[in-house]
Amino acid sequence: MLARLGGAAALAVLMAASAQHAHAQDGAAPKNGSSLTVYGGDRFGGSVKDSTTDSSIDLQNGSSFAVALDIGLDRNSQVEVYYSQQKSALTSGAFSSRTNNIGLTLYNYQIGGTDFIDEVGRGLYVVGGLGGTTVKPDRSDLNSETFFSGNVGLGWMVPLGAHVGLRFEARGYGILLNNKSAVFCGGTAGCTIAIRGNAVFQGEALAGISARF
């Protein structure tokens, strides 16, 4: 009898310890945790038509930088506040030597969300957002232009611990032009170019490090 009671007591202790360990593991990584991610990447593509010459005006490929704040909602989804920027330039064979290779910086401000297939913090997820894109010429005598824009993408997160992970993403951007004509105007410079098109589309590959909290 004593042996049986001792065995039962030992089993109860082991079960309690196991449950406590499992609870500790569950609490180690927040199930609906928020995160802050810093990215580096490369953005490519994007072209419109010159409304005067019908020539193609292209956005140069260029490196990009992004920061995302993801606020946890539940085990699978987050609200995302997203900022990114890219150094680029407009190029076209139709440009004069004076205006060729107009240097630009694109600033994206968007809000959307992420949805993880498994759970927040690991594995495959989809991401997207809507907001605006400000295009600022490098020349100080030209005005910036702001357009409605959005992004959608697919990502994979690799946890390195309870609160740190790596994220790899492919995103696509759409910038709505609404057939806007003369752009990048200012002062005595007049308007640099006149474009024709409804939207500009770009692709981007990103890698980032994410801190969860």
# chains A, B, ... in the order shown; residues from 1 in each chain; ligands from 1
call {"tool": "residues_around", "arguments": {"residues": "A:Lys49", "least_positions_apart": "4", "cutoff": "10 Å", "atoms": "only C-alpha atoms", "output": "ChimeraX atom specification"}}
result
/A:53-58,92,194-197
call {"tool": "select_by_dssp", "arguments": {"residues": "stretch 18-177 of chain A", "states": "alpha helix (DSSP H)", "output": "PyMOL selection string"}}
result
chain A and resi 18-28
call {"tool": "write_last_selection", "arguments": {"atoms": "N, CA and C atoms", "output": "mmCIF file, in the first residue's frame"}}
result
data_model
loop_
_atom_site.group_PDB
_atom_site.id
_atom_site.type_symbol
_atom_site.label_atom_id
_atom_site.label_comp_id
_atom_site.auth_asym_id
_atom_site.auth_seq_id
_atom_site.Cartn_x
_atom_site.Cartn_y
_atom_site.Cartn_z
ATOM 1 N N SER A 18 5.313 18.660 -15.189
ATOM 2 C CA SER A 18 5.158 18.703 -16.638
ATOM 3 C C SER A 18 4.184 19.798 -17.062
ATOM 4 N N ALA A 19 3.083 19.931 -16.329
ATOM 5 C CA ALA A 19 2.097 20.960 -16.641
ATOM 6 C C ALA A 19 2.668 22.355 -16.452
ATOM 7 N N GLN A 20 3.453 22.516 -15.354
ATOM 8 C CA GLN A 20 4.068 23.811 -15.101
ATOM 9 C C GLN A 20 5.056 24.172 -16.209
ATOM 10 N N HIS A 21 5.833 23.168 -16.672
ATOM 11 C CA HIS A 21 6.801 23.405 -17.749
ATOM 12 C C HIS A 21 6.097 23.788 -19.050
ATOM 13 N N ALA A 22 4.988 23.094 -19.356
ATOM 14 C CA ALA A 22 4.236 23.398 -20.567
ATOM 15 C C ALA A 22 3.646 24.797 -20.504
ATOM 16 N N HIS A 23 3.168 25.181 -19.300
ATOM 17 C CA HIS A 23 2.613 26.523 -19.138
ATOM 18 C C HIS A 23 3.692 27.577 -19.332
ATOM 19 N N ALA A 24 4.866 27.291 -18.807
ATOM 20 C CA ALA A 24 5.982 28.229 -18.958
ATOM 21 C C ALA A 24 6.368 28.377 -20.419
ATOM 22 N N GLN A 25 6.343 27.239 -21.156
ATOM 23 C CA GLN A 25 6.670 27.309 -22.581
ATOM 24 C C GLN A 25 5.629 28.134 -23.347
ATOM 25 N N ASP A 26 4.348 27.936 -23.011
ATOM 26 C CA ASP A 26 3.292 28.696 -23.672
ATOM 27 C C ASP A 26 3.436 30.178 -23.402
ATOM 28 N N GLY A 27 3.865 30.525 -22.187
ATOM 29 C CA GLY A 27 3.986 31.924 -21.832
ATOM 30 C C GLY A 27 5.257 32.553 -22.328
ATOM 31 N N ALA A 28 6.204 31.750 -22.805
ATOM 32 C CA ALA A 28 7.489 32.295 -23.239
ATOM 33 C C ALA A 28 7.345 33.177 -24.453
#
call {"tool": "atom_distance", "arguments": {"atom1": "atom CA of A:Phe147", "atom2": "atom CA of A:Thr37"}}
result
25.0 Å
call {"tool": "atom_distance", "arguments": {"atom1": "atom CA of A:Gln110", "atom2": "atom CA of A:Val81"}}
result
6.2 Å
call {"tool": "select_by_dssp", "arguments": {"residues": "stretch 11-207 of chain A", "states": "strand (DSSP E or B)", "output": "JSON list (two decimals) with N, CA and C atoms, in the first residue's frame"}}
result
[["chain", "number", "residue", "atom", "x", "y", "z"],
["A", 35, "SER", "N", 5.00, 43.28, -32.46],
["A", 35, "SER", "CA", 6.40, 43.22, -32.87],
["A", 35, "SER", "C", 6.79, 44.50, -33.59],
["A", 36, "LEU", "N", 8.09, 44.76, -33.58],
["A", 36, "LEU", "CA", 8.67, 45.86, -34.34],
["A", 36, "LEU", "C", 9.75, 45.25, -35.24],
["A", 37, "THR", "N", 9.66, 45.51, -36.54],
["A", 37, "THR", "CA", 10.57, 44.91, -37.51],
["A", 37, "THR", "C", 11.26, 45.98, -38.33],
["A", 38, "VAL", "N", 12.56, 45.81, -38.50],
["A", 38, "VAL", "CA", 13.36, 46.69, -39.35],
["A", 38, "VAL", "C", 13.83, 45.87, -40.56],
["A", 39, "TYR", "N", 13.60, 46.41, -41.77],
["A", 39, "TYR", "CA", 13.89, 45.68, -43.01],
["A", 39, "TYR", "C", 14.93, 46.42, -43.87],
["A", 40, "GLY", "N", 15.63, 45.64, -44.67],
["A", 40, "GLY", "CA", 16.39, 46.15, -45.80],
["A", 40, "GLY", "C", 15.99, 45.35, -47.02],
["A", 41, "GLY", "N", 16.04, 45.98, -48.20],
["A", 41, "GLY", "CA", 15.60, 45.24, -49.37],
["A", 41, "GLY", "C", 15.97, 45.92, -50.67],
["A", 42, "ASP", "N", 15.33, 45.44, -51.73],
["A", 42, "ASP", "CA", 15.55, 45.99, -53.07],
["A", 42, "ASP", "C", 14.22, 46.05, -53.78],
["A", 43, "ARG", "N", 13.92, 47.22, -54.37],
["A", 43, "ARG", "CA", 12.66, 47.41, -55.07],
["A", 43, "ARG", "C", 12.92, 47.60, -56.56],
["A", 44, "PHE", "N", 12.03, 47.07, -57.37],
["A", 44, "PHE", "CA", 12.27, 47.07, -58.81],
["A", 44, "PHE", "C", 10.97, 47.27, -59.57],
["A", 47, "SER", "N", 6.78, 51.81, -64.42],
["A", 47, "SER", "CA", 6.93, 52.67, -65.59],
["A", 47, "SER", "C", 5.60, 53.31, -65.95],
["A", 48, "VAL", "N", 5.67, 54.48, -66.60],
["A", 48, "VAL", "CA", 4.51, 55.19, -67.11],
["A", 48, "VAL", "C", 4.84, 55.68, -68.53],
["A", 49, "LYS", "N", 3.90, 56.32, -69.18],
["A", 49, "LYS", "CA", 4.11, 56.86, -70.52],
["A", 49, "LYS", "C", 4.23, 58.38, -70.46],
["A", 50, "ASP", "N", 5.14, 58.91, -71.25],
["A", 50, "ASP", "CA", 5.22, 60.36, -71.45],
["A", 50, "ASP", "C", 4.04, 60.75, -72.35],
["A", 56, "SER", "N", 8.32, 55.50, -72.95],
["A", 56, "SER", "CA", 8.25, 54.93, -71.61],
["A", 56, "SER", "C", 9.16, 55.71, -70.65],
["A", 57, "ILE", "N", 8.64, 56.01, -69.47],
["A", 57, "ILE", "CA", 9.42, 56.63, -68.39],
["A", 57, "ILE", "C", 9.51, 55.60, -67.28],
["A", 58, "ASP", "N", 10.72, 55.22, -66.93],
["A", 58, "ASP", "CA", 10.94, 54.10, -66.00],
["A", 58, "ASP", "C", 11.49, 54.57, -64.67],
["A", 59, "LEU", "N", 11.09, 53.85, -63.62],
["A", 59, "LEU", "CA", 11.68, 54.04, -62.30],
["A", 59, "LEU", "C", 12.87, 53.10, -62.17],
["A", 62, "GLY", "N", 16.22, 50.14, -57.03],
["A", 62, "GLY", "CA", 17.03, 50.74, -55.98],
["A", 62, "GLY", "C", 16.82, 50.06, -54.65],
["A", 63, "SER", "N", 17.77, 50.27, -53.75],
["A", 63, "SER", "CA", 17.67, 49.70, -52.40],
["A", 63, "SER", "C", 16.54, 50.37, -51.64],
["A", 64, "SER", "N", 15.99, 49.65, -50.68],
["A", 64, "SER", "CA", 14.86, 50.16, -49.89],
["A", 64, "SER", "C", 15.08, 49.86, -48.41],
["A", 65, "PHE", "N", 14.33, 50.60, -47.60],
["A", 65, "PHE", "CA", 14.38, 50.47, -46.14],
["A", 65, "PHE", "C", 12.96, 50.55, -45.63],
["A", 66, "ALA", "N", 12.64, 49.77, -44.59],
["A", 66, "ALA", "CA", 11.27, 49.77, -44.08],
["A", 66, "ALA", "C", 11.25, 49.48, -42.58],
["A", 67, "VAL", "N", 10.21, 49.97, -41.92],
["A", 67, "VAL", "CA", 9.93, 49.68, -40.51],
["A", 67, "VAL", "C", 8.46, 49.33, -40.38],
["A", 68, "ALA", "N", 8.15, 48.26, -39.67],
["A", 68, "ALA", "CA", 6.77, 47.84, -39.48],
["A", 68, "ALA", "C", 6.48, 47.64, -37.99],
["A", 69, "LEU", "N", 5.40, 48.25, -37.52],
["A", 69, "LEU", "CA", 4.90, 47.99, -36.16],
["A", 69, "LEU", "C", 3.65, 47.14, -36.30],
["A", 70, "ASP", "N", 3.69, 45.91, -35.78],
["A", 70, "ASP", "CA", 2.57, 44.98, -35.86],
["A", 70, "ASP", "C", 1.97, 44.82, -34.47],
["A", 71, "ILE", "N", 0.68, 45.13, -34.34],
["A", 71, "ILE", "CA", -0.03, 45.09, -33.06],
["A", 71, "ILE", "C", -0.91, 43.86, -33.04],
["A", 72, "GLY", "N", -0.65, 42.96, -32.10],
["A", 72, "GLY", "CA", -1.34, 41.68, -32.06],
["A", 72, "GLY", "C", -2.82, 41.80, -31.76],
["A", 77, "SER", "N", -3.42, 36.96, -36.19],
["A", 77, "SER", "CA", -3.46, 38.21, -36.94],
["A", 77, "SER", "C", -2.95, 39.41, -36.16],
["A", 78, "GLN", "N", -2.49, 40.40, -36.91],
["A", 78, "GLN", "CA", -1.97, 41.64, -36.36],
["A", 78, "GLN", "C", -2.41, 42.81, -37.24],
["A", 79, "VAL", "N", -2.54, 43.98, -36.65],
["A", 79, "VAL", "CA", -2.69, 45.23, -37.39],
["A", 79, "VAL", "C", -1.28, 45.78, -37.62],
["A", 80, "GLU", "N", -1.01, 46.22, -38.85],
["A", 80, "GLU", "CA", 0.35, 46.68, -39.18],
["A", 80, "GLU", "C", 0.36, 48.14, -39.60],
["A", 81, "VAL", "N", 1.26, 48.90, -39.00],
["A", 81, "VAL", "CA", 1.57, 50.26, -39.42],
["A", 81, "VAL", "C", 2.93, 50.19, -40.12],
["A", 82, "TYR", "N", 2.98, 50.59, -41.39],
["A", 82, "TYR", "CA", 4.14, 50.30, -42.24],
["A", 82, "TYR", "C", 4.68, 51.57, -42.88],
["A", 83, "TYR", "N", 5.99, 51.74, -42.78],
["A", 83, "TYR", "CA", 6.69, 52.86, -43.43],
["A", 83, "TYR", "C", 7.86, 52.29, -44.23],
["A", 84, "SER", "N", 8.02, 52.77, -45.46],
["A", 84, "SER", "CA", 9.17, 52.35, -46.26],
["A", 84, "SER", "C", 9.61, 53.49, -47.16],
["A", 85, "GLN", "N", 10.86, 53.42, -47.61],
["A", 85, "GLN", "CA", 11.35, 54.41, -48.55],
["A", 85, "GLN", "C", 12.35, 53.77, -49.51],
["A", 86, "GLN", "N", 12.46, 54.40, -50.69],
["A", 86, "GLN", "CA", 13.35, 53.89, -51.74],
["A", 86, "GLN", "C", 13.97, 55.06, -52.49],
["A", 87, "LYS", "N", 15.28, 54.97, -52.73],
["A", 87, "LYS", "CA", 15.97, 55.91, -53.60],
["A", 87, "LYS", "C", 15.86, 55.40, -55.02],
["A", 88, "SER", "N", 15.44, 56.29, -55.93],
["A", 88, "SER", "CA", 15.26, 55.88, -57.31],
["A", 88, "SER", "C", 15.51, 57.07, -58.23],
["A", 89, "ALA", "N", 15.15, 56.93, -59.49],
["A", 89, "ALA", "CA", 15.27, 58.01, -60.47],
["A", 89, "ALA", "C", 14.36, 57.70, -61.64],
["A", 90, "LEU", "N", 13.87, 58.74, -62.31],
["A", 90, "LEU", "CA", 13.10, 58.59, -63.53],
["A", 90, "LEU", "C", 14.05, 58.68, -64.72],
["A", 91, "THR", "N", 13.96, 57.71, -65.61],
["A", 91, "THR", "CA", 14.81, 57.71, -66.80],
["A", 91, "THR", "C", 13.96, 57.49, -68.05],
["A", 102, "ILE", "N", 15.99, 62.04, -63.36],
["A", 102, "ILE", "CA", 15.49, 62.87, -62.27],
["A", 102, "ILE", "C", 15.52, 62.04, -60.99],
["A", 103, "GLY", "N", 16.40, 62.39, -60.08],
["A", 103, "GLY", "CA", 16.51, 61.64, -58.83],
["A", 103, "GLY", "C", 15.27, 61.82, -57.96],
["A", 104, "LEU", "N", 14.81, 60.70, -57.35],
["A", 104, "LEU", "CA", 13.60, 60.71, -56.53],
["A", 104, "LEU", "C", 13.81, 59.89, -55.27],
["A", 105, "THR", "N", 13.03, 60.21, -54.25],
["A", 105, "THR", "CA", 12.87, 59.32, -53.10],
["A", 105, "THR", "C", 11.39, 59.06, -52.91],
["A", 106, "LEU", "N", 11.02, 57.79, -52.78],
["A", 106, "LEU", "CA", 9.63, 57.40, -52.57],
["A", 106, "LEU", "C", 9.42, 57.06, -51.10],
["A", 107, "TYR", "N", 8.42, 57.69, -50.48],
["A", 107, "TYR", "CA", 8.08, 57.44, -49.07],
["A", 107, "TYR", "C", 6.68, 56.83, -49.02],
["A", 108, "ASN", "N", 6.57, 55.62, -48.46],
["A", 108, "ASN", "CA", 5.28, 54.95, -48.33],
["A", 108, "ASN", "C", 4.82, 54.96, -46.88],
["A", 109, "TYR", "N", 3.56, 55.37, -46.66],
["A", 109, "TYR", "CA", 2.94, 55.36, -45.33],
["A", 109, "TYR", "C", 1.65, 54.56, -45.45],
["A", 110, "GLN", "N", 1.60, 53.38, -44.83],
["A", 110, "GLN", "CA", 0.43, 52.52, -45.04],
["A", 110, "GLN", "C", 0.04, 51.81, -43.75],
["A", 111, "ILE", "N", -1.23, 51.48, -43.66],
["A", 111, "ILE", "CA", -1.74, 50.71, -42.52],
["A", 111, "ILE", "C", -2.53, 49.52, -43.06],
["A", 112, "GLY", "N", -2.33, 48.37, -42.44],
["A", 112, "GLY", "CA", -2.99, 47.16, -42.91],
["A", 112, "GLY", "C", -2.89, 46.07, -41.86],
["A", 113, "GLY", "N", -2.46, 44.89, -42.27],
["A", 113, "GLY", "CA", -2.38, 43.80, -41.31],
["A", 113, "GLY", "C", -1.61, 42.61, -41.83],
["A", 114, "THR", "N", -1.32, 41.69, -40.92],
["A", 114, "THR", "CA", -0.69, 40.42, -41.26],
["A", 114, "THR", "C", -1.59, 39.29, -40.76],
["A", 115, "ASP", "N", -1.55, 38.17, -41.46],
["A", 115, "ASP", "CA", -2.31, 37.00, -41.06],
["A", 115, "ASP", "C", -1.42, 35.77, -41.20],
["A", 116, "PHE", "N", -1.05, 35.16, -40.07],
["A", 116, "PHE", "CA", -0.19, 33.99, -40.05],
["A", 116, "PHE", "C", -1.03, 32.73, -40.23],
["A", 119, "GLU", "N", 0.59, 30.45, -36.45],
["A", 119, "GLU", "CA", 0.36, 31.37, -35.35],
["A", 119, "GLU", "C", 1.34, 32.53, -35.47],
["A", 122, "ARG", "N", 5.67, 32.78, -36.35],
["A", 122, "ARG", "CA", 6.34, 31.67, -37.01],
["A", 122, "ARG", "C", 5.64, 31.29, -38.31],
["A", 123, "GLY", "N", 6.44, 30.89, -39.29],
["A", 123, "GLY", "CA", 5.89, 30.31, -40.50],
["A", 123, "GLY", "C", 5.36, 31.31, -41.52],
["A", 124, "LEU", "N", 4.49, 30.80, -42.38],
["A", 124, "LEU", "CA", 3.97, 31.54, -43.53],
["A", 124, "LEU", "C", 2.91, 32.55, -43.11],
["A", 125, "TYR", "N", 2.91, 33.73, -43.75],
["A", 125, "TYR", "CA", 1.89, 34.74, -43.50],
["A", 125, "TYR", "C", 1.67, 35.59, -44.74],
["A", 126, "VAL", "N", 0.50, 36.21, -44.79],
["A", 126, "VAL", "CA", 0.20, 37.18, -45.84],
["A", 126, "VAL", "C", 0.13, 38.56, -45.18],
["A", 127, "VAL", "N", 0.43, 39.58, -45.98],
["A", 127, "VAL", "CA", 0.50, 40.94, -45.44],
["A", 127, "VAL", "C", -0.04, 41.90, -46.48],
["A", 128, "GLY", "N", -0.58, 43.03, -46.04],
["A", 128, "GLY", "CA", -1.08, 44.02, -46.97],
["A", 128, "GLY", "C", -1.43, 45.31, -46.26],
["A", 129, "GLY", "N", -1.60, 46.38, -47.04],
["A", 129, "GLY", "CA", -1.96, 47.66, -46.44],
["A", 129, "GLY", "C", -2.33, 48.69, -47.48],
["A", 130, "LEU", "N", -2.96, 49.77, -47.02],
["A", 130, "LEU", "CA", -3.37, 50.90, -47.86],
["A", 130, "LEU", "C", -2.90, 52.19, -47.22],
["A", 131, "GLY", "N", -2.64, 53.20, -48.05],
["A", 131, "GLY", "CA", -2.20, 54.48, -47.53],
["A", 131, "GLY", "C", -1.79, 55.41, -48.65],
["A", 132, "GLY", "N", -0.64, 56.06, -48.48],
["A", 132, "GLY", "CA", -0.17, 57.02, -49.46],
["A", 132, "GLY", "C", 1.31, 56.87, -49.74],
["A", 133, "THR", "N", 1.71, 57.39, -50.91],
["A", 133, "THR", "CA", 3.12, 57.43, -51.30],
["A", 133, "THR", "C", 3.47, 58.86, -51.71],
["A", 134, "THR", "N", 4.47, 59.42, -51.06],
["A", 134, "THR", "CA", 4.98, 60.73, -51.42],
["A", 134, "THR", "C", 6.25, 60.55, -52.24],
["A", 135, "VAL", "N", 6.28, 61.18, -53.42],
["A", 135, "VAL", "CA", 7.44, 61.11, -54.31],
["A", 135, "VAL", "C", 8.12, 62.48, -54.27],
["A", 136, "LYS", "N", 9.35, 62.50, -53.77],
["A", 136, "LYS", "CA", 10.07, 63.77, -53.60],
["A", 136, "LYS", "C", 11.27, 63.83, -54.53],
["A", 137, "PRO", "N", 11.31, 64.80, -55.46],
["A", 137, "PRO", "CA", 12.48, 64.94, -56.34],
["A", 137, "PRO", "C", 13.70, 65.41, -55.54],
["A", 145, "GLU", "N", 5.05, 65.11, -54.92],
["A", 145, "GLU", "CA", 3.72, 64.65, -55.31],
["A", 145, "GLU", "C", 3.31, 63.50, -54.38],
["A", 146, "THR", "N", 2.03, 63.48, -53.97],
["A", 146, "THR", "CA", 1.53, 62.42, -53.09],
["A", 146, "THR", "C", 0.38, 61.70, -53.77],
["A", 147, "PHE", "N", 0.42, 60.36, -53.72],
["A", 147, "PHE", "CA", -0.57, 59.53, -54.40],
["A", 147, "PHE", "C", -1.12, 58.48, -53.44],
["A", 148, "PHE", "N", -2.35, 58.04, -53.68],
["A", 148, "PHE", "CA", -2.93, 56.90, -52.97],
["A", 148, "PHE", "C", -2.18, 55.63, -53.40],
["A", 149, "SER", "N", -1.91, 54.74, -52.44],
["A", 149, "SER", "CA", -1.14, 53.53, -52.77],
["A", 149, "SER", "C", -1.52, 52.38, -51.84],
["A", 150, "GLY", "N", -1.06, 51.20, -52.21],
["A", 150, "GLY", "CA", -1.27, 50.01, -51.40],
["A", 150, "GLY", "C", -0.18, 49.00, -51.64],
["A", 151, "ASN", "N", -0.10, 48.00, -50.75],
["A", 151, "ASN", "CA", 0.86, 46.92, -50.93],
["A", 151, "ASN", "C", 0.24, 45.60, -50.49],
["A", 152, "VAL", "N", 0.73, 44.51, -51.06],
["A", 152, "VAL", "CA", 0.31, 43.17, -50.68],
["A", 152, "VAL", "C", 1.52, 42.26, -50.81],
["A", 153, "GLY", "N", 1.62, 41.28, -49.91],
["A", 153, "GLY", "CA", 2.81, 40.44, -49.95],
["A", 153, "GLY", "C", 2.64, 39.12, -49.24],
["A", 154, "LEU", "N", 3.70, 38.34, -49.33],
["A", 154, "LEU", "CA", 3.78, 37.01, -48.73],
["A", 154, "LEU", "C", 5.10, 36.93, -47.98],
["A", 155, "GLY", "N", 5.06, 36.37, -46.77],
["A", 155, "GLY", "CA", 6.28, 36.32, -45.97],
["A", 155, "GLY", "C", 6.45, 35.02, -45.22],
["A", 156, "TRP", "N", 7.64, 34.86, -44.67],
["A", 156, "TRP", "CA", 7.98, 33.70, -43.85],
["A", 156, "TRP", "C", 8.78, 34.20, -42.65],
["A", 157, "MET", "N", 8.36, 33.82, -41.44],
["A", 157, "MET", "CA", 9.06, 34.24, -40.23],
["A", 157, "MET", "C", 9.71, 33.04, -39.56],
["A", 158, "VAL", "N", 10.99, 33.21, -39.22],
["A", 158, "VAL", "CA", 11.77, 32.17, -38.55],
["A", 158, "VAL", "C", 12.08, 32.65, -37.13],
["A", 159, "PRO", "N", 11.48, 32.04, -36.08],
["A", 159, "PRO", "CA", 11.78, 32.48, -34.72],
["A", 159, "PRO", "C", 13.19, 32.07, -34.30],
["A", 164, "VAL", "N", 12.52, 37.15, -30.59],
["A", 164, "VAL", "CA", 13.29, 37.62, -31.75],
["A", 164, "VAL", "C", 13.06, 36.68, -32.92],
["A", 165, "GLY", "N", 12.97, 37.23, -34.13],
["A", 165, "GLY", "CA", 12.81, 36.39, -35.30],
["A", 165, "GLY", "C", 13.29, 37.09, -36.56],
["A", 166, "LEU", "N", 13.48, 36.29, -37.60],
["A", 166, "LEU", "CA", 13.84, 36.81, -38.91],
["A", 166, "LEU", "C", 12.62, 36.75, -39.82],
["A", 167, "ARG", "N", 12.43, 37.80, -40.65],
["A", 167, "ARG", "CA", 11.31, 37.82, -41.58],
["A", 167, "ARG", "C", 11.84, 38.01, -43.00],
["A", 168, "PHE", "N", 11.28, 37.23, -43.92],
["A", 168, "PHE", "CA", 11.61, 37.31, -45.33],
["A", 168, "PHE", "C", 10.31, 37.54, -46.09],
["A", 169, "GLU", "N", 10.28, 38.59, -46.91],
["A", 169, "GLU", "CA", 9.03, 38.97, -47.55],
["A", 169, "GLU", "C", 9.23, 39.32, -49.03],
["A", 170, "ALA", "N", 8.17, 39.11, -49.78],
["A", 170, "ALA", "CA", 8.06, 39.62, -51.15],
["A", 170, "ALA", "C", 6.78, 40.47, -51.17],
["A", 171, "ARG", "N", 6.93, 41.75, -51.53],
["A", 171, "ARG", "CA", 5.78, 42.66, -51.55],
["A", 171, "ARG", "C", 5.61, 43.27, -52.94],
["A", 172, "GLY", "N", 4.37, 43.53, -53.29],
["A", 172, "GLY", "CA", 4.06, 44.27, -54.50],
["A", 172, "GLY", "C", 3.39, 45.57, -54.13],
["A", 173, "TYR", "N", 3.73, 46.67, -54.83],
["A", 173, "TYR", "CA", 3.18, 47.99, -54.54],
["A", 173, "TYR", "C", 2.41, 48.49, -55.75],
["A", 174, "GLY", "N", 1.30, 49.15, -55.50],
["A", 174, "GLY", "CA", 0.55, 49.84, -56.54],
["A", 174, "GLY", "C", 0.36, 51.29, -56.14],
["A", 175, "ILE", "N", 0.77, 52.21, -57.02],
["A", 175, "ILE", "CA", 0.63, 53.65, -56.77],
["A", 175, "ILE", "C", -0.36, 54.20, -57.77],
["A", 176, "LEU", "N", -1.48, 54.72, -57.28],
["A", 176, "LEU", "CA", -2.57, 55.18, -58.14],
["A", 176, "LEU", "C", -2.29, 56.59, -58.64],
["A", 182, "ALA", "N", 0.76, 66.75, -65.67],
["A", 182, "ALA", "CA", 2.02, 67.42, -65.33],
["A", 182, "ALA", "C", 2.40, 67.15, -63.88],
["A", 183, "VAL", "N", 3.65, 66.75, -63.66],
["A", 183, "VAL", "CA", 4.13, 66.46, -62.31],
["A", 183, "VAL", "C", 5.50, 67.09, -62.09],
["A", 184, "PHE", "N", 5.86, 67.20, -60.80],
["A", 184, "PHE", "CA", 7.14, 67.76, -60.38],
["A", 184, "PHE", "C", 7.34, 69.17, -60.94],
["A", 185, "CYS", "N", 6.42, 70.04, -60.52],
["A", 185, "CYS", "CA", 6.45, 71.43, -60.96],
["A", 185, "CYS", "C", 7.04, 72.31, -59.84],
["A", 186, "GLY", "N", 7.44, 73.52, -60.21],
["A", 186, "GLY", "CA", 7.90, 74.44, -59.18],
["A", 186, "GLY", "C", 8.60, 75.66, -59.73],
["A", 190, "GLY", "N", 8.97, 75.36, -63.96],
["A", 190, "GLY", "CA", 7.79, 74.83, -64.63],
["A", 190, "GLY", "C", 7.54, 73.39, -64.22],
["A", 191, "CYS", "N", 6.87, 72.63, -65.05],
["A", 191, "CYS", "CA", 6.60, 71.22, -64.79],
["A", 191, "CYS", "C", 7.58, 70.37, -65.58],
["A", 192, "THR", "N", 8.23, 69.45, -64.90],
["A", 192, "THR", "CA", 9.31, 68.68, -65.51],
["A", 192, "THR", "C", 8.82, 67.73, -66.58],
["A", 193, "ILE", "N", 7.77, 66.96, -66.27],
["A", 193, "ILE", "CA", 7.27, 65.98, -67.23],
["A", 193, "ILE", "C", 5.74, 65.94, -67.19],
["A", 194, "ALA", "N", 5.15, 65.40, -68.24],
["A", 194, "ALA", "CA", 3.71, 65.13, -68.29],
["A", 194, "ALA", "C", 3.55, 63.64, -68.55],
["A", 195, "ILE", "N", 2.81, 62.97, -67.68],
["A", 195, "ILE", "CA", 2.71, 61.51, -67.76],
["A", 195, "ILE", "C", 1.29, 61.08, -68.09],
["A", 196, "ARG", "N", 1.18, 59.84, -68.55],
["A", 196, "ARG", "CA", -0.11, 59.25, -68.85],
["A", 196, "ARG", "C", -0.12, 57.83, -68.29],
["A", 199, "ALA", "N", -1.69, 53.84, -63.05],
["A", 199, "ALA", "CA", -0.99, 53.33, -61.86],
["A", 199, "ALA", "C", 0.43, 52.93, -62.21],
["A", 200, "VAL", "N", 1.26, 52.87, -61.18],
["A", 200, "VAL", "CA", 2.63, 52.35, -61.27],
["A", 200, "VAL", "C", 2.71, 51.14, -60.34],
["A", 201, "PHE", "N", 3.30, 50.05, -60.83],
["A", 201, "PHE", "CA", 3.43, 48.83, -60.03],
["A", 201, "PHE", "C", 4.90, 48.50, -59.83],
["A", 202, "GLN", "N", 5.26, 48.14, -58.60],
["A", 202, "GLN", "CA", 6.63, 47.77, -58.26],
["A", 202, "GLN", "C", 6.64, 46.47, -57.46],
["A", 203, "GLY", "N", 7.76, 45.76, -57.52],
["A", 203, "GLY", "CA", 7.97, 44.59, -56.69],
["A", 203, "GLY", "C", 9.13, 44.83, -55.74],
["A", 204, "GLU", "N", 9.16, 44.07, -54.65],
["A", 204, "GLU", "CA", 10.21, 44.28, -53.65],
["A", 204, "GLU", "C", 10.52, 42.98, -52.91],
["A", 205, "ALA", "N", 11.80, 42.75, -52.66],
["A", 205, "ALA", "CA", 12.25, 41.64, -51.82],
["A", 205, "ALA", "C", 12.84, 42.24, -50.55],
["A", 206, "LEU", "N", 12.43, 41.72, -49.39],
["A", 206, "LEU", "CA", 12.84, 42.29, -48.10],
["A", 206, "LEU", "C", 13.29, 41.20, -47.13],
["A", 207, "ALA", "N", 14.24, 41.56, -46.28],
["A", 207, "ALA", "CA", 14.64, 40.71, -45.15],
["A", 207, "ALA", "C", 14.73, 41.61, -43.94]]
call {"tool": "closest_residue", "arguments": {"among": "A:Asn76, A:Ser34, A:Gln60, A:Ser51", "to": "A:Ala211", "atoms": "only C-alpha atoms"}}
result
A:Ser34
call {"tool": "atom_distance", "arguments": {"atom1": "atom CA of A:Ser210", "atom2": "atom CA of A:Asn61"}}
result
25.4 Å
call {"tool": "decode", "arguments": {"residues": "stretch 154-172 of chain A", "atoms": "C-alpha atoms", "output": "PDB file, in the first residue's frame"}}
result
ATOM      1  CA  LEU A 154       3.784  37.012 -48.734  1.00  0.00           C
ATOM      2  CA  GLY A 155       6.278  36.323 -45.969  1.00  0.00           C
ATOM      3  CA  TRP A 156       7.979  33.699 -43.849  1.00  0.00           C
ATOM      4  CA  MET A 157       9.060  34.239 -40.226  1.00  0.00           C
ATOM      5  CA  VAL A 158      11.769  32.168 -38.550  1.00  0.00           C
ATOM      6  CA  PRO A 159      11.777  32.476 -34.717  1.00  0.00           C
ATOM      7  CA  LEU A 160      15.249  32.731 -33.183  1.00  0.00           C
ATOM      8  CA  GLY A 161      13.855  32.722 -29.647  1.00  0.00           C
ATOM      9  CA  ALA A 162      10.762  33.731 -27.712  1.00  0.00           C
ATOM     10  CA  HIS A 163      11.064  37.399 -28.650  1.00  0.00           C
ATOM     11  CA  VAL A 164      13.288  37.622 -31.749  1.00  0.00           C
ATOM     12  CA  GLY A 165      12.806  36.394 -35.303  1.00  0.00           C
ATOM     13  CA  LEU A 166      13.837  36.814 -38.910  1.00  0.00           C
ATOM     14  CA  ARG A 167      11.314  37.823 -41.582  1.00  0.00           C
ATOM     15  CA  PHE A 168      11.613  37.312 -45.333  1.00  0.00           C
ATOM     16  CA  GLU A 169       9.029  38.975 -47.552  1.00  0.00           C
ATOM     17  CA  ALA A 170       8.055  39.625 -51.147  1.00  0.00           C
ATOM     18  CA  ARG A 171       5.779  42.659 -51.553  1.00  0.00           C
ATOM     19  CA  GLY A 172       4.065  44.274 -54.502  1.00  0.00           C
TER      20      GLY A 172
END
